[in-house]
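Q: Below are the structure tokens for one structure; questions will follow.
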Amino acid sequence: MIIKSMANTKGFIDSPLLYSKLKLKHLLSERALSEKHPEAAKFLKEKGLLGPGKIREHAKRLLTSGALAGSLLLAAPLMNVSQVHDITISKPQLSLQQNLIIKLSLLLPKQVGQLSPETETQISHILFDLFGINAVPQLGSTRLNDVYGLIGAEQHLPRFPGDTVSQHDEYQKSGITPGLGGWGYFASSKNQMTEELVQGEKYYVAVQTLYLPDWQKRLKFLVQWYKHRKVVVVNPLNGKSIIAVVADAGPAKWTGKHFGGSPEVMAYLELNVGRQKGPVILYFVDDPDNKVSLGPLEYNLEGNPKTLAKKL
Amino acid sequence: MKQKQIFYDYLIHTEEITLTLEGDCLDEVEKEELIGLIDQTLQQQTLEVILDNLPKEFHQEFLKMFSENPYNPHLLTFIKEKVTIDIEKVITEKASKTKKEILSDIKKSKKK
């Protein structure tokens, strides 16, 4: 994916930003073609002519193979083209991520910041429609100061006394924090680590609980409430979404960032390159029955998990 | 994008965009991906313009010919015989508008 390789500071262009803009323009043109001429779009898709560079690749291939020369020589009179394939009408489908990019691009302001209540609600609806999850900016009386902000890269967290970075299975180069996460160890010893706790450290976020207006006032309640609270993090530029838990507090305001992401979270969102930060939406996931698994969100919980994504 | 491989390529001049990107220190892979996106966007929009104006009963025939030979110079004749507007002008105008937007996007993406 180019957004990963392009997220460098080389040259004079903010290449990830430009890529996102061009990708959006491309997706919108594909959607316009699909909506206005669904049968044509279906035909082009079947012929492999939709997608970046596809038409030109096809033309090049024909030219290279000589098929084009043959077809030019043998071209039948234009008005007598026969045996045209039957074309059934059906709307070509965009992927979950493409859908999300387009829908969010129509809602989000250019810069991170406060969203209107209407926009926040619309985002909840989009996440439910696409993924079947109940994701909300406010759960009960509790909400974060920011739900559309910048996320920055964090290190691994020590999961139990004696944990070292070499015991984490991925992204060891990210290092491990010298101190504990905001909610301490995940388990009191290595033996007590469960798969759920391993996943919790792997897919964790840091949120700015310390700046909540009611943090001191409701400290006891909020500390418990936020501990391993399930959230969804969405990168609106590439549509990648991931389920994580709150396991640390931060980052500090002066950093200009609003959230922190574990090495795994940042890698999946493709924000672990360049300045290792980027805009995200972070919502609470209302999941009392613990049905939503931690990790990449590439399926619709209400449909057929892991397969519906391909249909949407 | 300099190679003319599609019958309407001569109506969509993208050299200005290519040159703009070439002057911006992008590596070849980055540049190719960006150009691929721009190119396909213009292709899709041009096809949309054609299909918007070509009577529906000719869509299948056009698409079949196009997929078999995108450079077929007769394709434009085929379209022109069936539309009442100056299709070359409409394609050029649409492409110009999109190119302006893309150049503006490139400009806005430049680091200050």
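Following the order of the structure tokens, first chain is A, next is B, and so on, with residues numbered from 1 inside each chain and ligands from 1 in the order they appear.
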Quick one: DSSP strand (DSSP E or B) residues in range 56-249 of chain A, as a PyMOL selection string?
A: chain A and resi 135-136+138-139+142-143+148-153+156+176+204-207+230-234+241-249
Q: For chain B against chain A, with a cut-off of 9 Å and counting only C-alpha atoms, what is the closest atom pair and its distance in Å to one decimal for every residue that makes the cut, ordered by chain and number, as JSON lines?
A:
{"residue": "B:Met1", "atom": "CA", "partner": "A:Arg56", "partner_atom": "CA", "distance": 8.8}
{"residue": "B:Gln5", "atom": "CA", "partner": "A:Ala59", "partner_atom": "CA", "distance": 6.0}
{"residue": "B:Ile6", "atom": "CA", "partner": "A:Ala59", "partner_atom": "CA", "distance": 6.9}
{"residue": "B:Leu21", "atom": "CA", "partner": "A:Ile13", "partner_atom": "CA", "distance": 8.9}
{"residue": "B:Asp24", "atom": "CA", "partner": "A:Phe12", "partner_atom": "CA", "distance": 5.8}
{"residue": "B:Cys25", "atom": "CA", "partner": "A:Gly11", "partner_atom": "CA", "distance": 4.7}
{"residue": "B:Leu26", "atom": "CA", "partner": "A:Gly11", "partner_atom": "CA", "distance": 6.3}
{"residue": "B:Asp27", "atom": "CA", "partner": "A:Gly11", "partner_atom": "CA", "distance": 9.0}
{"residue": "B:Val29", "atom": "CA", "partner": "A:Ile2", "partner_atom": "CA", "distance": 8.3}
{"residue": "B:Glu30", "atom": "CA", "partner": "A:Met6", "partner_atom": "CA", "distance": 6.5}
{"residue": "B:Glu33", "atom": "CA", "partner": "A:Ile2", "partner_atom": "CA", "distance": 7.2}
{"residue": "B:Leu34", "atom": "CA", "partner": "A:Tyr19", "partner_atom": "CA", "distance": 6.5}
{"residue": "B:Ile35", "atom": "CA", "partner": "A:Gly53", "partner_atom": "CA", "distance": 8.4}
{"residue": "B:Gly36", "atom": "CA", "partner": "A:Gly53", "partner_atom": "CA", "distance": 4.7}
{"residue": "B:Leu37", "atom": "CA", "partner": "A:Pro52", "partner_atom": "CA", "distance": 5.1}
{"residue": "B:Ile38", "atom": "CA", "partner": "A:Leu22", "partner_atom": "CA", "distance": 6.7}
{"residue": "B:Asp39", "atom": "CA", "partner": "A:Gly53", "partner_atom": "CA", "distance": 6.6}
{"residue": "B:Gln40", "atom": "CA", "partner": "A:Gly53", "partner_atom": "CA", "distance": 5.3}
{"residue": "B:Thr41", "atom": "CA", "partner": "A:His26", "partner_atom": "CA", "distance": 4.8}
{"residue": "B:Leu42", "atom": "CA", "partner": "A:Ser29", "partner_atom": "CA", "distance": 8.4}
{"residue": "B:Gln43", "atom": "CA", "partner": "A:Ile55", "partner_atom": "CA", "distance": 7.4}
{"residue": "B:Gln44", "atom": "CA", "partner": "A:Ser29", "partner_atom": "CA", "distance": 6.2}
{"residue": "B:Gln45", "atom": "CA", "partner": "A:Ser29", "partner_atom": "CA", "distance": 6.1}
{"residue": "B:Leu47", "atom": "CA", "partner": "A:Leu33", "partner_atom": "CA", "distance": 7.9}
{"residue": "B:Glu48", "atom": "CA", "partner": "A:Leu33", "partner_atom": "CA", "distance": 5.6}
{"residue": "B:Leu51", "atom": "CA", "partner": "A:His37", "partner_atom": "CA", "distance": 7.4}
{"residue": "B:Asp52", "atom": "CA", "partner": "A:Lys36", "partner_atom": "CA", "distance": 8.1}
{"residue": "B:His59", "atom": "CA", "partner": "A:Ala40", "partner_atom": "CA", "distance": 7.3}
{"residue": "B:Gln60", "atom": "CA", "partner": "A:Val84", "partner_atom": "CA", "distance": 6.7}
{"residue": "B:Glu61", "atom": "CA", "partner": "A:Val84", "partner_atom": "CA", "distance": 6.4}
{"residue": "B:Leu63", "atom": "CA", "partner": "A:Ala40", "partner_atom": "CA", "distance": 7.3}
{"residue": "B:Lys64", "atom": "CA", "partner": "A:Val84", "partner_atom": "CA", "distance": 6.8}
{"residue": "B:Met65", "atom": "CA", "partner": "A:Val81", "partner_atom": "CA", "distance": 8.2}
{"residue": "B:Ser67", "atom": "CA", "partner": "A:Lys47", "partner_atom": "CA", "distance": 7.3}
{"residue": "B:Glu68", "atom": "CA", "partner": "A:Leu68", "partner_atom": "CA", "distance": 7.8}
{"residue": "B:Asn69", "atom": "CA", "partner": "A:Leu68", "partner_atom": "CA", "distance": 6.0}
{"residue": "B:Pro70", "atom": "CA", "partner": "A:Ala59", "partner_atom": "CA", "distance": 6.0}
{"residue": "B:Tyr71", "atom": "CA", "partner": "A:Ala59", "partner_atom": "CA", "distance": 7.3}
{"residue": "B:Asn72", "atom": "CA", "partner": "A:Leu72", "partner_atom": "CA", "distance": 7.1}
{"residue": "B:His74", "atom": "CA", "partner": "A:Leu78", "partner_atom": "CA", "distance": 7.6}
{"residue": "B:Leu75", "atom": "CA", "partner": "A:Leu78", "partner_atom": "CA", "distance": 8.4}
{"residue": "B:Phe78", "atom": "CA", "partner": "A:Leu78", "partner_atom": "CA", "distance": 7.1}
{"residue": "B:Ile102", "atom": "CA", "partner": "A:Leu22", "partner_atom": "CA", "distance": 7.5}
{"residue": "B:Asp105", "atom": "CA", "partner": "A:Leu18", "partner_atom": "CA", "distance": 6.7}
{"residue": "B:Ile106", "atom": "CA", "partner": "A:Leu18", "partner_atom": "CA", "distance": 6.4}
{"residue": "B:Lys107", "atom": "CA", "partner": "A:Ile13", "partner_atom": "CA", "distance": 8.4}
{"residue": "B:Lys108", "atom": "CA", "partner": "A:Leu18", "partner_atom": "CA", "distance": 8.4}
{"residue": "B:Ser109", "atom": "CA", "partner": "A:Asp14", "partner_atom": "CA", "distance": 5.2}
{"residue": "B:Lys110", "atom": "CA", "partner": "A:Ile13", "partner_atom": "CA", "distance": 4.3}
{"residue": "B:Lys111", "atom": "CA", "partner": "A:Phe12", "partner_atom": "CA", "distance": 5.5}
{"residue": "B:Lys112", "atom": "CA", "partner": "A:Phe12", "partner_atom": "CA", "distance": 8.1}
Q: Skipping near chain neighbours, those fewer than 2 positions away, what residues fall within 7 Å of Pro236 in chain A using only C-alpha atoms, listed as a VMD selection string?
A: chain A and resid 101 104 234 238 to 239 280
Q: Filtering to C-alpha atoms, could you give me those residues as a PDB file, in the first residue's frame?
A:
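After the write, out_28.pdb holds the following:
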ATOM      1  CA  ILE A 101     -13.612   6.351   3.192  1.00  0.00           C
ATOM      2  CA  LEU A 104     -16.608   9.705   6.176  1.00  0.00           C
ATOM      3  CA  VAL A 234     -10.907   4.388  12.458  1.00  0.00           C
ATOM      4  CA  ASN A 238      -7.737   4.581   4.343  1.00  0.00           C
ATOM      5  CA  GLY A 239     -10.881   3.196   5.976  1.00  0.00           C
ATOM      6  CA  VAL A 280      -8.524   8.953  13.625  1.00  0.00           C
TER       7      VAL A 280
END
Q: As an exercise, work out the distance from CA of Leu157 in chain A to CA of Asp169 in chain A in Å and give it to one decimal place.
A: 12.7 Å
Q: May I have the residues within 12 Å of Ser116 in chain A as number ranges by chain, using only C-alpha atoms and disregarding those fewer than 3 positions away in the same chain?
A: A: 107-109, 113, 119-123, 137, 146-148
Q: Which one is closest to Asp214 in chain A: A:Phe284, A:Lys202, A:Asn145, A:Lys103? Count only C-alpha atoms.
A: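 Distance minimum relative to Asp214 in chain A lands on A:Asn145.
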Q: Using backbone DSSP assignments, extract all helix (DSSP H, G or I) residues from range 189-311 of chain A; output them as an MDAnalysis selection string.
A: chainID A and resid 190:192 195:202 209:211 219:226 253:255 263:268 308:311
